[in-house]
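Student: Structure file run-v3.txt (compact mmCIF, C-alpha atoms) is given on the next line.
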# COMPACT_ATOMS: atom_id res chain seq x y z
CA ASP A 1 79.80 27.56 -81.60
CA ALA A 2 80.59 28.61 -78.04
CA GLY A 3 77.30 27.29 -76.71
CA VAL A 4 75.06 29.10 -74.26
CA ILE A 5 77.11 31.61 -72.29
CA GLN A 6 76.14 32.68 -68.81
CA SER A 7 77.67 35.24 -66.52
CA PRO A 8 78.74 35.45 -63.84
CA ARG A 9 79.63 31.84 -62.99
CA HIS A 10 79.44 32.58 -59.28
CA GLU A 11 77.72 35.36 -57.41
CA VAL A 12 77.74 35.98 -53.67
CA THR A 13 75.58 38.82 -52.46
CA GLU A 14 73.99 40.10 -49.31
CA MET A 15 70.31 39.78 -48.61
CA GLY A 16 68.41 42.73 -50.01
CA GLN A 17 70.79 43.42 -52.84
CA GLU A 18 69.84 43.33 -56.50
CA VAL A 19 71.26 40.48 -58.56
CA THR A 20 71.38 40.32 -62.35
CA LEU A 21 72.20 37.12 -64.20
CA ARG A 22 73.05 37.22 -67.89
CA CYS A 23 72.68 34.82 -70.77
CA LYS A 24 73.74 34.72 -74.39
CA PRO A 25 71.87 31.95 -76.24
CA ILE A 26 73.22 30.01 -79.18
CA SER A 27 72.95 32.02 -82.38
CA GLY A 28 69.92 31.02 -84.42
CA HIS A 29 68.01 29.56 -81.48
CA ASN A 30 64.61 31.16 -81.04
CA SER A 31 63.63 29.68 -77.68
CA LEU A 32 65.25 30.63 -74.39
CA PHE A 33 64.63 29.17 -70.95
CA TRP A 34 65.65 30.15 -67.43
CA TYR A 35 65.81 27.27 -64.94
CA ARG A 36 66.65 27.14 -61.25
CA GLN A 37 68.23 24.05 -59.70
CA THR A 38 68.26 23.16 -56.03
CA MET A 39 68.64 19.89 -54.19
CA MET A 40 65.16 20.30 -52.76
CA ARG A 41 63.28 21.00 -55.99
CA GLY A 42 65.52 19.81 -58.80
CA LEU A 43 65.31 21.70 -62.09
CA GLU A 44 62.47 24.20 -62.13
CA LEU A 45 61.47 26.22 -65.17
CA LEU A 46 61.21 29.89 -64.29
CA ILE A 47 60.38 31.50 -67.61
CA TYR A 48 60.40 30.73 -71.31
CA PHE A 49 60.86 33.14 -74.23
CA ASN A 50 60.07 32.47 -77.87
CA ASN A 51 61.36 34.94 -80.45
CA ASN A 52 62.28 37.31 -77.57
CA VAL A 53 58.73 37.34 -76.21
CA PRO A 54 57.96 35.90 -72.75
CA ILE A 55 55.50 33.07 -73.32
CA ASP A 56 55.28 31.36 -69.96
CA ASP A 57 56.42 32.97 -66.71
CA SER A 58 54.27 30.87 -64.40
CA GLY A 59 57.39 29.46 -62.78
CA MET A 60 58.70 32.82 -61.63
CA PRO A 61 58.53 32.55 -57.82
CA GLU A 62 57.30 36.05 -57.05
CA ASP A 63 57.47 39.67 -58.04
CA ARG A 64 61.05 39.92 -56.87
CA PHE A 65 62.02 37.98 -60.00
CA SER A 66 61.94 39.51 -63.46
CA ALA A 67 63.39 38.50 -66.82
CA LYS A 68 63.95 40.34 -70.04
CA MET A 69 65.08 39.49 -73.53
CA PRO A 70 65.73 42.76 -75.36
CA ASN A 71 67.10 40.99 -78.44
CA ALA A 72 67.77 37.53 -79.83
CA SER A 73 71.26 37.35 -78.37
CA PHE A 74 70.80 38.48 -74.78
CA SER A 75 68.61 37.82 -71.77
CA THR A 76 68.73 38.80 -68.11
CA LEU A 77 67.18 37.41 -64.96
CA LYS A 78 66.97 39.91 -62.14
CA ILE A 79 66.20 39.34 -58.47
CA GLN A 80 65.41 42.42 -56.43
CA PRO A 81 65.63 42.26 -53.47
CA SER A 82 67.46 38.97 -53.10
CA GLU A 83 66.81 36.61 -50.19
CA PRO A 84 68.81 33.66 -48.81
CA ARG A 85 66.20 31.22 -50.14
CA ASP A 86 67.06 32.37 -53.66
CA SER A 87 70.42 30.63 -53.33
CA ALA A 88 70.59 28.08 -56.15
CA VAL A 89 72.19 27.40 -59.49
CA TYR A 90 70.45 29.28 -62.28
CA PHE A 91 70.66 27.87 -65.79
CA CYS A 92 69.87 29.44 -69.10
CA ALA A 93 69.10 27.17 -72.05
CA SER A 94 68.20 27.73 -75.68
CA SER A 95 66.75 25.63 -78.46
CA ARG A 96 65.79 25.88 -82.11
CA GLY A 97 62.16 25.17 -81.41
CA GLN A 98 59.52 22.60 -80.67
CA GLY A 99 61.13 19.42 -81.82
CA SER A 100 64.63 20.25 -80.67
CA GLU A 101 66.61 19.64 -77.55
CA ALA A 102 67.58 22.47 -75.24
CA PHE A 103 71.25 23.35 -74.81
CA PHE A 104 72.27 24.54 -71.37
CA GLY A 105 74.83 27.03 -70.21
CA GLN A 106 77.25 26.31 -67.38
CA GLY A 107 74.99 28.02 -64.87
CA THR A 108 75.38 30.78 -62.31
CA ARG A 109 75.78 29.66 -58.72
CA LEU A 110 74.06 32.28 -56.60
CA THR A 111 74.62 32.52 -52.87
CA VAL A 112 72.65 35.07 -50.89
CA VAL A 113 73.95 35.58 -47.36
CA GLY B 114 53.31 17.48 -55.44
CA GLU B 115 56.89 16.37 -55.22
CA SER B 116 58.77 14.98 -52.27
CA VAL B 117 60.56 17.45 -50.04
CA GLY B 118 64.28 17.16 -49.44
CA LEU B 119 64.57 14.04 -51.49
CA HIS B 120 67.79 12.28 -52.21
CA LEU B 121 68.46 11.33 -55.78
CA PRO B 122 68.16 7.66 -56.65
CA THR B 123 71.67 6.31 -57.04
CA LEU B 124 73.01 3.58 -59.26
CA SER B 125 76.48 2.25 -58.47
CA VAL B 126 78.24 0.08 -61.03
CA GLN B 127 81.69 -1.23 -61.73
CA GLU B 128 83.68 0.06 -64.66
CA GLY B 129 82.92 -2.05 -67.70
CA ASP B 130 79.44 -3.05 -66.58
CA ASN B 131 76.34 -2.03 -68.48
CA SER B 132 74.12 0.55 -66.75
CA ILE B 133 70.38 1.00 -67.04
CA ILE B 134 68.79 4.19 -65.79
CA ASN B 135 65.03 4.33 -65.65
CA CYS B 136 62.53 7.16 -65.87
CA ALA B 137 58.77 7.22 -65.50
CA TYR B 138 57.25 10.15 -67.34
CA SER B 139 53.99 11.76 -66.42
CA ASN B 140 52.21 13.04 -69.52
CA SER B 141 50.71 10.53 -71.93
CA ALA B 142 50.54 13.31 -74.52
CA SER B 143 54.33 13.75 -74.51
CA ASP B 144 55.83 12.85 -77.85
CA TYR B 145 59.48 13.82 -77.55
CA PHE B 146 61.90 12.59 -74.92
CA ILE B 147 65.45 13.57 -74.12
CA TRP B 148 68.17 12.25 -71.85
CA TYR B 149 70.62 14.70 -70.31
CA LYS B 150 73.84 14.13 -68.39
CA GLN B 151 74.91 16.61 -65.74
CA GLU B 152 78.42 16.47 -64.35
CA SER B 153 79.32 18.22 -61.15
CA GLY B 154 79.55 21.98 -61.62
CA LYS B 155 78.23 21.90 -65.17
CA GLY B 156 74.95 22.35 -66.96
CA PRO B 157 72.90 19.43 -68.29
CA GLN B 158 74.30 18.11 -71.54
CA PHE B 159 72.23 16.45 -74.27
CA ILE B 160 72.92 12.73 -74.71
CA ILE B 161 70.19 11.27 -76.90
CA ASP B 162 66.57 11.82 -77.81
CA ILE B 163 63.67 9.76 -79.08
CA ARG B 164 60.30 10.57 -80.57
CA SER B 165 57.12 8.76 -79.70
CA ASN B 166 56.90 7.04 -83.07
CA MET B 167 59.94 4.98 -82.08
CA ASP B 168 60.55 2.54 -79.25
CA LYS B 169 64.32 2.32 -79.49
CA ARG B 170 67.17 4.52 -80.56
CA GLN B 171 70.88 3.90 -80.38
CA GLY B 172 73.81 6.23 -80.10
CA GLN B 173 77.44 5.73 -79.29
CA ARG B 174 77.45 3.38 -76.26
CA VAL B 175 73.94 4.55 -75.33
CA THR B 176 70.50 3.19 -76.14
CA VAL B 177 67.17 4.74 -75.21
CA LEU B 178 64.07 2.59 -74.92
CA LEU B 179 60.56 3.99 -74.84
CA ASN B 180 57.51 2.11 -73.59
CA LYS B 181 54.51 4.33 -74.15
CA THR B 182 52.10 1.79 -72.70
CA VAL B 183 53.51 2.18 -69.22
CA LYS B 184 55.03 5.65 -69.77
CA HIS B 185 58.54 4.44 -69.16
CA LEU B 186 61.85 5.52 -70.59
CA SER B 187 65.24 3.95 -70.03
CA LEU B 188 68.82 4.82 -70.85
CA GLN B 189 71.27 1.99 -71.31
CA ILE B 190 74.99 2.75 -71.19
CA ALA B 191 77.26 0.02 -72.46
CA ALA B 192 80.69 -0.62 -70.94
CA THR B 193 80.27 2.12 -68.36
CA GLN B 194 83.35 4.25 -67.71
CA PRO B 195 84.32 6.45 -64.74
CA GLY B 196 83.68 9.47 -66.97
CA ASP B 197 80.04 8.43 -67.14
CA SER B 198 79.62 9.27 -63.45
CA ALA B 199 77.05 12.06 -63.35
CA VAL B 200 73.40 12.79 -62.70
CA TYR B 201 71.14 11.71 -65.55
CA PHE B 202 67.84 13.43 -66.26
CA CYS B 203 65.04 12.46 -68.56
CA ALA B 204 62.92 15.23 -70.05
CA GLU B 205 59.63 15.08 -71.90
CA LYS B 206 57.90 17.46 -74.28
CA GLN B 207 54.32 17.49 -75.38
CA GLY B 208 53.56 18.04 -79.03
CA GLY B 209 53.10 21.74 -79.67
CA SER B 210 54.98 22.70 -76.52
CA TYR B 211 58.43 24.23 -76.55
CA ILE B 212 59.04 23.49 -72.90
CA PRO B 213 60.84 20.34 -71.72
CA THR B 214 59.75 19.02 -68.33
CA PHE B 215 62.54 17.40 -66.36
CA GLY B 216 62.44 14.41 -64.06
CA ARG B 217 64.27 14.40 -60.72
CA GLY B 218 67.41 12.69 -61.94
CA THR B 219 69.43 9.59 -61.11
CA SER B 220 72.97 9.68 -59.85
CA LEU B 221 75.27 7.20 -61.58
CA ILE B 222 78.48 6.30 -59.77
CA VAL B 223 81.04 4.25 -61.66
CA HIS B 224 83.72 2.56 -59.59
CA PRO B 225 87.07 1.91 -61.27
Before we go any further, please render this structure as structure tokens.
Tutor:
Amino acid sequence: DAGVIQSPRHEVTEMGQEVTLRCKPISGHNSLFWYRQTMMRGLELLIYFNNNVPIDDSGMPEDRFSAKMPNASFSTLKIQPSEPRDSAVYFCASSRGQGSEAFFGQGTRLTVV
Amino acid sequence: GESVGLHLPTLSVQEGDNSIINCAYSNSASDYFIWYKQESGKGPQFIIDIRSNMDKRQGQRVTVLLNKTVKHLSLQIAATQPGDSAVYFCAEKQGGSYIPTFGRGTSLIVHP
């Protein structure tokens, strides 16, 4: 299995632009998580999907952030418009369910200038 | 709330030494615990897990100890190697929840 696949690995964009991060979870996993990692805040959960349905989005910073999971093999995290304070590493993770560990992708390093 | 601009706790050891990384978890209802290793430029990688009905679990060169009385988790790495240098996170899950909650992490530096 290729593991959780994220794209792009690096993204540099100008303030105000739309950014879309992509994730392909491990096949057969029914839970998907988006995390953001910064030195200031560590790993923060942004949103969690179960069976493609958003269950908990309380970690989404504000309306500029949105996430979708149109099917079991694909999810996106969109930031529109982006701001410099959104600069971070964004991780996608998937798991089989409640009693299972989450497997992380390699992350997308986002820099907003 | 959490500290602002905090530096990760750091553990420096010599190659060949045993390392012990500690974690205090917050939720007494948590019943599943996981240790992750994150190397520079990579995502967190699963190392070992333990359920609350156990107090010790061993893997290859790693042992996790769970003390539910004081809500404390530790990761012991035997014969630490330079390749073990990374940030180590503990995560906890409450029964019925799908969402792991991560601690702040400890940076392990192994000197050759």
Student: Interatomic distance between atom CA of Gln17 of chain A and atom CA of Ile55 of chain A?
Tutor: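 Taking atom CA of Gln17 of chain A and atom CA of Ile55 of chain A, their separation equals 27.6 Å.
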Student: What residues in chain B have any atom no more than 10 Å from chain A when counting all atoms listed in the file, and can you write them as a ChimeraX atom specification?
Tutor: /B:115-121,144-149,154-162,164,202,204,206-218
Student: Could you take the residues named above and write them with C-alpha atoms, as a compact mmCIF listing (two decimals), keeping the file's coordinate frame?
Tutor:
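After the write, selection_31.txt holds the following:
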# COMPACT_ATOMS: atom_id res chain seq x y z
CA GLU B 115 56.89 16.37 -55.22
CA SER B 116 58.77 14.98 -52.27
CA VAL B 117 60.56 17.45 -50.04
CA GLY B 118 64.28 17.16 -49.44
CA LEU B 119 64.57 14.04 -51.49
CA HIS B 120 67.79 12.28 -52.21
CA LEU B 121 68.46 11.33 -55.78
CA ASP B 144 55.83 12.85 -77.85
CA TYR B 145 59.48 13.82 -77.55
CA PHE B 146 61.90 12.59 -74.92
CA ILE B 147 65.45 13.57 -74.12
CA TRP B 148 68.17 12.25 -71.85
CA TYR B 149 70.62 14.70 -70.31
CA GLY B 154 79.55 21.98 -61.62
CA LYS B 155 78.23 21.90 -65.17
CA GLY B 156 74.95 22.35 -66.96
CA PRO B 157 72.90 19.43 -68.29
CA GLN B 158 74.30 18.11 -71.54
CA PHE B 159 72.23 16.45 -74.27
CA ILE B 160 72.92 12.73 -74.71
CA ILE B 161 70.19 11.27 -76.90
CA ASP B 162 66.57 11.82 -77.81
CA ARG B 164 60.30 10.57 -80.57
CA PHE B 202 67.84 13.43 -66.26
CA ALA B 204 62.92 15.23 -70.05
CA LYS B 206 57.90 17.46 -74.28
CA GLN B 207 54.32 17.49 -75.38
CA GLY B 208 53.56 18.04 -79.03
CA GLY B 209 53.10 21.74 -79.67
CA SER B 210 54.98 22.70 -76.52
CA TYR B 211 58.43 24.23 -76.55
CA ILE B 212 59.04 23.49 -72.90
CA PRO B 213 60.84 20.34 -71.72
CA THR B 214 59.75 19.02 -68.33
CA PHE B 215 62.54 17.40 -66.36
CA GLY B 216 62.44 14.41 -64.06
CA ARG B 217 64.27 14.40 -60.72
CA GLY B 218 67.41 12.69 -61.94
Student: Just the number, please: distance in Å from atom CA of Pro195 of chain B to atom CA of Tyr138 of chain B, one decimal.
Tutor: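 Spanning atom CA of Pro195 of chain B to atom CA of Tyr138 of chain B is a straight-line distance of 27.4 Å.
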Student: As an exercise, work out the distance from atom CA of His224 of chain B to atom CA of Asn135 of chain B in Å and give it to one decimal place.
Tutor: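 Separating atom CA of His224 of chain B from atom CA of Asn135 of chain B is a distance of 19.7 Å.
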Student: Rank A:Val53, A:Leu46, A:Met69, A:Val112 by their smallest atom-to-atom distance to Ser87 of chain A, using only C-alpha atoms, and report the top residue only.
Tutor: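 The closest residue to Ser87 of chain A is A:Val112.
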Student: Which residues, written as a tab-separated table (two decimals) with C-alpha atoms, in the coordinates of the input, have at least one atom at most 10 Å from Val175 of chain B, with all atoms listed in the file counted and residues fewer than 5 positions away on the same chain left out?
Tutor:
chain	number	residue	atom	x	y	z
B	131	ASN	CA	76.34	-2.03	-68.48
B	132	SER	CA	74.12	0.55	-66.75
B	133	ILE	CA	70.38	1.00	-67.04
B	160	ILE	CA	72.92	12.73	-74.71
B	161	ILE	CA	70.19	11.27	-76.90
B	170	ARG	CA	67.17	4.52	-80.56
B	188	LEU	CA	68.82	4.82	-70.85
B	189	GLN	CA	71.27	1.99	-71.31
B	190	ILE	CA	74.99	2.75	-71.19
B	191	ALA	CA	77.26	0.02	-72.46
B	192	ALA	CA	80.69	-0.62	-70.94
B	193	THR	CA	80.27	2.12	-68.36
Student: I'd like to know which of A:Ser27, A:Ser94, A:Ser82, A:Ser7 is closest to Glu62 of chain A, using only C-alpha atoms.
Tutor: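 Closest to Glu62 of chain A of all the choices is A:Ser82.
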Student: Which residues, written as JSON, numbers by chain, have at least one atom at most 7 Å from Leu221 of chain B, with all atoms listed in the file counted and residues fewer than 2 positions away on the same chain left out?
Tutor: {"B": [123, 124, 125, 198, 199, 200, 219, 223]}
Student: Put those residues in a file: C-alpha atoms, as a PDB file, in the frame of the given file.
Tutor:
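Saved to again_6.pdb:
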ATOM      1  CA  THR B 123      71.670   6.310 -57.040  1.00  0.00           C
ATOM      2  CA  LEU B 124      73.010   3.580 -59.260  1.00  0.00           C
ATOM      3  CA  SER B 125      76.480   2.250 -58.470  1.00  0.00           C
ATOM      4  CA  SER B 198      79.620   9.270 -63.450  1.00  0.00           C
ATOM      5  CA  ALA B 199      77.050  12.060 -63.350  1.00  0.00           C
ATOM      6  CA  VAL B 200      73.400  12.790 -62.700  1.00  0.00           C
ATOM      7  CA  THR B 219      69.430   9.590 -61.110  1.00  0.00           C
ATOM      8  CA  VAL B 223      81.040   4.250 -61.660  1.00  0.00           C
TER       9      VAL B 223
END
